file input-v9.pdb (PDB, C-alpha atoms, pLDDT in the B column)
ATOM      1  CA  MET A   1     141.789 133.878  94.536  1.00 74.00           C
ATOM      2  CA  SER A   2     141.468 132.439  91.073  1.00 72.00           C
ATOM      3  CA  GLY A   3     140.101 135.351  89.038  1.00 71.00           C
ATOM      4  CA  VAL A   4     140.336 139.089  88.497  1.00 74.00           C
ATOM      5  CA  LEU A   5     136.599 139.769  88.703  1.00 70.00           C
ATOM      6  CA  SER A   6     135.559 142.104  91.520  1.00 71.00           C
ATOM      7  CA  GLU A   7     132.789 139.745  92.671  1.00 79.00           C
ATOM      8  CA  GLY A   8     131.720 136.117  92.452  1.00 83.00           C
ATOM      9  CA  PRO A   9     133.274 132.699  93.089  1.00 87.00           C
ATOM     10  CA  GLY A  10     137.058 132.788  93.366  1.00 85.00           C
ATOM     11  CA  SER A  11     137.149 136.589  93.654  1.00 87.00           C
ATOM     12  CA  LEU A  12     139.091 138.710  96.109  1.00 86.00           C
ATOM     13  CA  ARG A  13     135.803 140.122  97.450  1.00 87.00           C
ATOM     14  CA  GLU A  14     134.406 136.651  98.157  1.00 89.00           C
ATOM     15  CA  ALA A  15     137.529 135.707 100.128  1.00 88.00           C
ATOM     16  CA  CYS A  16     137.783 139.004 102.026  1.00 86.00           C
ATOM     17  CA  CYS A  17     134.158 138.913 103.168  1.00 84.00           C
ATOM     18  CA  LYS A  18     134.473 135.561 104.942  1.00 86.00           C
ATOM     19  CA  LYS A  19     134.373 135.861 108.723  1.00 85.00           C
ATOM     20  CA  GLU A  20     137.022 133.274 109.584  1.00 90.00           C
ATOM     21  CA  PRO A  21     140.797 133.896 109.426  1.00 92.00           C
ATOM     22  CA  LEU A  22     142.005 133.214 105.908  1.00 92.00           C
ATOM     23  CA  TRP A  23     145.224 133.129 103.893  1.00 94.00           C
ATOM     24  CA  ILE A  24     144.199 134.360 100.431  1.00 90.00           C
ATOM     25  CA  VAL A  25     146.570 133.138  97.722  1.00 91.00           C
ATOM     26  CA  CYS A  26     146.524 134.973  94.385  1.00 87.00           C
ATOM     27  CA  GLU A  27     146.757 132.332  91.670  1.00 87.00           C
ATOM     28  CA  ILE A  28     146.761 134.816  88.775  1.00 86.00           C
ATOM     29  CA  SER A  29     148.199 138.171  87.773  1.00 90.00           C
ATOM     30  CA  GLY A  30     146.050 141.045  86.579  1.00 89.00           C
ATOM     31  CA  THR A  31     144.039 144.134  87.432  1.00 90.00           C
ATOM     32  CA  ILE A  32     141.015 143.869  89.705  1.00 88.00           C
ATOM     33  CA  HIS A  33     138.615 146.762  89.146  1.00 89.00           C
ATOM     34  CA  LEU A  34     136.684 147.401  92.368  1.00 88.00           C
ATOM     35  CA  SER A  35     133.269 148.787  91.412  1.00 87.00           C
ATOM     36  CA  SER A  36     132.431 149.333  95.095  1.00 89.00           C
ATOM     37  CA  TYR A  37     134.418 149.627  98.314  1.00 87.00           C
ATOM     38  CA  LEU A  38     135.904 146.357  99.573  1.00 86.00           C
ATOM     39  CA  ASN A  39     135.811 145.859 103.343  1.00 83.00           C
ATOM     40  CA  VAL A  40     138.434 143.372 104.486  1.00 84.00           C
ATOM     41  CA  SER A  41     137.664 141.758 107.831  1.00 75.00           C
ATOM     42  CA  SER A  42     140.480 141.124 110.280  1.00 76.00           C
ATOM     43  CA  HIS A  43     142.822 138.156 110.244  1.00 87.00           C
ATOM     44  CA  LYS A  44     143.260 138.036 106.475  1.00 88.00           C
ATOM     45  CA  THR A  45     146.555 137.642 104.650  1.00 89.00           C
ATOM     46  CA  ILE A  46     146.559 138.459 100.937  1.00 87.00           C
ATOM     47  CA  ASP A  47     149.474 136.555  99.425  1.00 90.00           C
ATOM     48  CA  GLY A  48     150.429 137.827  95.988  1.00 86.00           C
ATOM     49  CA  ARG A  49     153.911 136.346  95.789  1.00 88.00           C
ATOM     50  CA  CYS A  50     155.073 135.802  92.199  1.00 85.00           C
ATOM     51  CA  GLN A  51     151.974 137.601  90.870  1.00 87.00           C
ATOM     52  CA  HIS A  52     151.417 141.132  89.616  1.00 89.00           C
ATOM     53  CA  ILE A  53     148.137 142.323  91.149  1.00 87.00           C
ATOM     54  CA  LYS A  54     146.800 145.848  90.705  1.00 87.00           C
ATOM     55  CA  LEU A  55     143.631 147.214  92.328  1.00 87.00           C
ATOM     56  CA  SER A  56     141.803 149.994  90.485  1.00 89.00           C
ATOM     57  CA  GLY A  57     138.546 151.843  91.016  1.00 88.00           C
ATOM     58  CA  LYS A  58     137.272 152.071  94.590  1.00 82.00           C
ATOM     59  CA  ARG A  59     139.451 151.471  97.645  1.00 80.00           C
ATOM     60  CA  PHE A  60     139.577 148.667 100.149  1.00 78.00           C
ATOM     61  CA  MET A  61     139.322 149.196 103.885  1.00 76.00           C
ATOM     62  CA  VAL A  62     140.756 146.935 106.577  1.00 75.00           C
ATOM     63  CA  LYS A  63     138.478 146.446 109.581  1.00 71.00           C
ATOM     64  CA  GLY A  64     139.422 145.236 113.044  1.00 63.00           C
ATOM     65  CA  THR A  65     143.130 145.964 112.949  1.00 54.00           C
TER      66      THR A  65
END

call {"tool": "encode", "arguments": {"input": "input-v9.pdb", "output": "structure tokens"}}
result
Amino acid sequence: MSGVLSEGPGSLREACCKKEPLWIVCEISGTIHLSSYLNVSSHKTIDGRCQHIKLSGKRFMVKGT
């Protein structure tokens, strides 16, 4: 994840919507404003080590756990 935009290339949403297992590394700190619900498919790891990430707006839901 290389940006704090809710959608588009390098966004959390783009990474979470992929079907394959994925380790999502947060390369930046910041607030991600979710304008719509974010469904996270199973087998995703969101790695925010050494970053300060805040989600605001809508919620995210984990599917397939």

call {"tool": "atom_distance", "arguments": {"input": "input-v9.pdb", "atom1": "CA of Glu20 in chain A", "atom2": "CA of Cys50 in chain A"}}
result
25.2 Å

call {"tool": "resolve_selection", "arguments": {"input": "input-v9.pdb", "expression": "the PyMOL selection byres ((chain A and resi 7) around 12)", "output": "list in words"}}
result
Met1, Ser2, Gly3, Val4, Leu5, Ser6, Gly8, Pro9, Gly10, Ser11, Leu12, Arg13, Glu14, Ala15, Cys16, Cys17, Ile32, His33, Leu34, Ser35, Ser36, Tyr37 and Leu38 of chain A

call {"tool": "atom_distance", "arguments": {"input": "input-v9.pdb", "atom1": "CA of Lys58 in chain A", "atom2": "CA of Ser41 in chain A"}}
result
16.8 Å

call {"tool": "resolve_selection", "arguments": {"input": "input-v9.pdb", "expression": "the PyMOL selection byres ((chain A and resi 31) around 6)", "output": "MDAnalysis selection string"}}
result
chainID A and resid 30 32 53:55

call {"tool": "resolve_selection", "arguments": {"input": "input-v9.pdb", "expression": "the PyMOL selection byres ((chain A and resi 61) around 7)", "output": "JSON, numbers by chain"}}
result
{"A": [38, 39, 40, 59, 60, 62, 63]}

call {"tool": "residues_around", "arguments": {"input": "input-v9.pdb", "residues": "Trp23 in chain A", "least_positions_apart": "2", "cutoff": "7 Å", "atoms": "only C-alpha atoms", "output": "JSON, numbers by chain"}}
result
{"A": [25, 44, 45, 46]}

call {"tool": "residues_around", "arguments": {"input": "input-v9.pdb", "residues": "Gln51 in chain A", "least_positions_apart": "3", "cutoff": "8 Å", "atoms": "only C-alpha atoms", "output": "PDB file with C-alpha atoms, keeping the file's coordinate frame"}}
result
ATOM      1  CA  CYS A  26     146.524 134.973  94.385  1.00 87.00           C
ATOM      2  CA  GLU A  27     146.757 132.332  91.670  1.00 87.00           C
ATOM      3  CA  ILE A  28     146.761 134.816  88.775  1.00 86.00           C
ATOM      4  CA  SER A  29     148.199 138.171  87.773  1.00 90.00           C
ATOM      5  CA  GLY A  48     150.429 137.827  95.988  1.00 86.00           C
TER       6      GLY A  48
END

call {"tool": "build_atoms", "arguments": {"input": "input-v9.pdb", "residues": "range 4-15 of chain A", "atoms": "all heavy atoms", "output": "mmCIF file, keeping the file's coordinate frame"}}
result
data_model
loop_
_atom_site.group_PDB
_atom_site.id
_atom_site.type_symbol
_atom_site.label_atom_id
_atom_site.label_comp_id
_atom_site.auth_asym_id
_atom_site.auth_seq_id
_atom_site.Cartn_x
_atom_site.Cartn_y
_atom_site.Cartn_z
ATOM 1 N N VAL A 4 140.163 137.657 88.311
ATOM 2 C CA VAL A 4 140.336 139.089 88.497
ATOM 3 C C VAL A 4 139.001 139.835 88.518
ATOM 4 O O VAL A 4 138.975 141.058 88.507
ATOM 5 C CB VAL A 4 141.271 139.704 87.423
ATOM 6 C CG1 VAL A 4 142.687 139.203 87.600
ATOM 7 C CG2 VAL A 4 140.752 139.443 86.029
ATOM 8 N N LEU A 5 137.896 139.109 88.582
ATOM 9 C CA LEU A 5 136.599 139.769 88.703
ATOM 10 C C LEU A 5 136.457 140.340 90.106
ATOM 11 O O LEU A 5 136.960 139.765 91.075
ATOM 12 C CB LEU A 5 135.466 138.787 88.416
ATOM 13 C CG LEU A 5 135.397 138.243 86.989
ATOM 14 C CD1 LEU A 5 134.268 137.216 86.872
ATOM 15 C CD2 LEU A 5 135.183 139.366 85.992
ATOM 16 N N SER A 6 135.740 141.462 90.222
ATOM 17 C CA SER A 6 135.559 142.104 91.520
ATOM 18 C C SER A 6 134.655 141.289 92.439
ATOM 19 O O SER A 6 134.792 141.342 93.653
ATOM 20 C CB SER A 6 134.957 143.503 91.319
ATOM 21 O OG SER A 6 134.712 144.126 92.556
ATOM 22 N N GLU A 7 133.737 140.513 91.869
ATOM 23 C CA GLU A 7 132.789 139.745 92.671
ATOM 24 C C GLU A 7 132.625 138.343 92.095
ATOM 25 O O GLU A 7 132.992 138.083 90.969
ATOM 26 C CB GLU A 7 131.425 140.442 92.683
ATOM 27 C CG GLU A 7 131.460 141.829 93.292
ATOM 28 C CD GLU A 7 130.110 142.503 93.257
ATOM 29 O OE1 GLU A 7 129.085 141.792 93.244
ATOM 30 O OE2 GLU A 7 130.089 143.731 93.252
ATOM 31 N N GLY A 8 132.042 137.458 92.902
ATOM 32 C CA GLY A 8 131.720 136.117 92.452
ATOM 33 C C GLY A 8 132.687 135.063 92.971
ATOM 34 O O GLY A 8 133.639 135.382 93.695
ATOM 35 N N PRO A 9 132.434 133.802 92.617
ATOM 36 C CA PRO A 9 133.274 132.699 93.089
ATOM 37 C C PRO A 9 134.743 132.873 92.680
ATOM 38 O O PRO A 9 135.043 133.221 91.545
ATOM 39 C CB PRO A 9 132.667 131.472 92.398
ATOM 40 C CG PRO A 9 131.278 131.877 92.038
ATOM 41 C CD PRO A 9 131.331 133.353 91.782
ATOM 42 N N GLY A 10 135.626 132.679 93.634
ATOM 43 C CA GLY A 10 137.058 132.788 93.366
ATOM 44 C C GLY A 10 137.591 134.209 93.368
ATOM 45 O O GLY A 10 138.764 134.430 93.098
ATOM 46 N N SER A 11 136.730 135.182 93.698
ATOM 47 C CA SER A 11 137.149 136.589 93.654
ATOM 48 C C SER A 11 137.776 137.021 94.975
ATOM 49 O O SER A 11 137.583 136.403 96.019
ATOM 50 C CB SER A 11 135.947 137.494 93.352
ATOM 51 O OG SER A 11 135.042 137.496 94.433
ATOM 52 N N LEU A 12 138.497 138.123 94.909
ATOM 53 C CA LEU A 12 139.091 138.710 96.109
ATOM 54 C C LEU A 12 137.994 139.114 97.090
ATOM 55 O O LEU A 12 138.104 138.886 98.285
ATOM 56 C CB LEU A 12 139.944 139.923 95.730
ATOM 57 C CG LEU A 12 140.605 140.674 96.884
ATOM 58 C CD1 LEU A 12 141.560 139.765 97.653
ATOM 59 C CD2 LEU A 12 141.327 141.902 96.364
ATOM 60 N N ARG A 13 136.908 139.682 96.589
ATOM 61 C CA ARG A 13 135.803 140.122 97.450
ATOM 62 C C ARG A 13 135.196 138.937 98.196
ATOM 63 O O ARG A 13 134.931 139.008 99.396
ATOM 64 C CB ARG A 13 134.727 140.821 96.630
ATOM 65 C CG ARG A 13 133.594 141.381 97.478
ATOM 66 C CD ARG A 13 132.594 142.153 96.630
ATOM 67 N NE ARG A 13 133.191 143.195 95.828
ATOM 68 C CZ ARG A 13 133.453 144.424 96.252
ATOM 69 N NH1 ARG A 13 133.171 144.755 97.496
ATOM 70 N NH2 ARG A 13 134.011 145.311 95.452
ATOM 71 N N GLU A 14 134.978 137.835 97.504
ATOM 72 C CA GLU A 14 134.406 136.651 98.157
ATOM 73 C C GLU A 14 135.302 136.196 99.317
ATOM 74 O O GLU A 14 134.826 135.911 100.411
ATOM 75 C CB GLU A 14 134.232 135.509 97.165
ATOM 76 C CG GLU A 14 133.690 134.254 97.810
ATOM 77 C CD GLU A 14 133.774 133.035 96.914
ATOM 78 O OE1 GLU A 14 134.830 132.824 96.271
ATOM 79 O OE2 GLU A 14 132.795 132.291 96.875
ATOM 80 N N ALA A 15 136.597 136.161 99.090
ATOM 81 C CA ALA A 15 137.529 135.707 100.128
ATOM 82 C C ALA A 15 137.609 136.700 101.283
ATOM 83 O O ALA A 15 137.609 136.302 102.449
ATOM 84 C CB ALA A 15 138.913 135.494 99.513
#
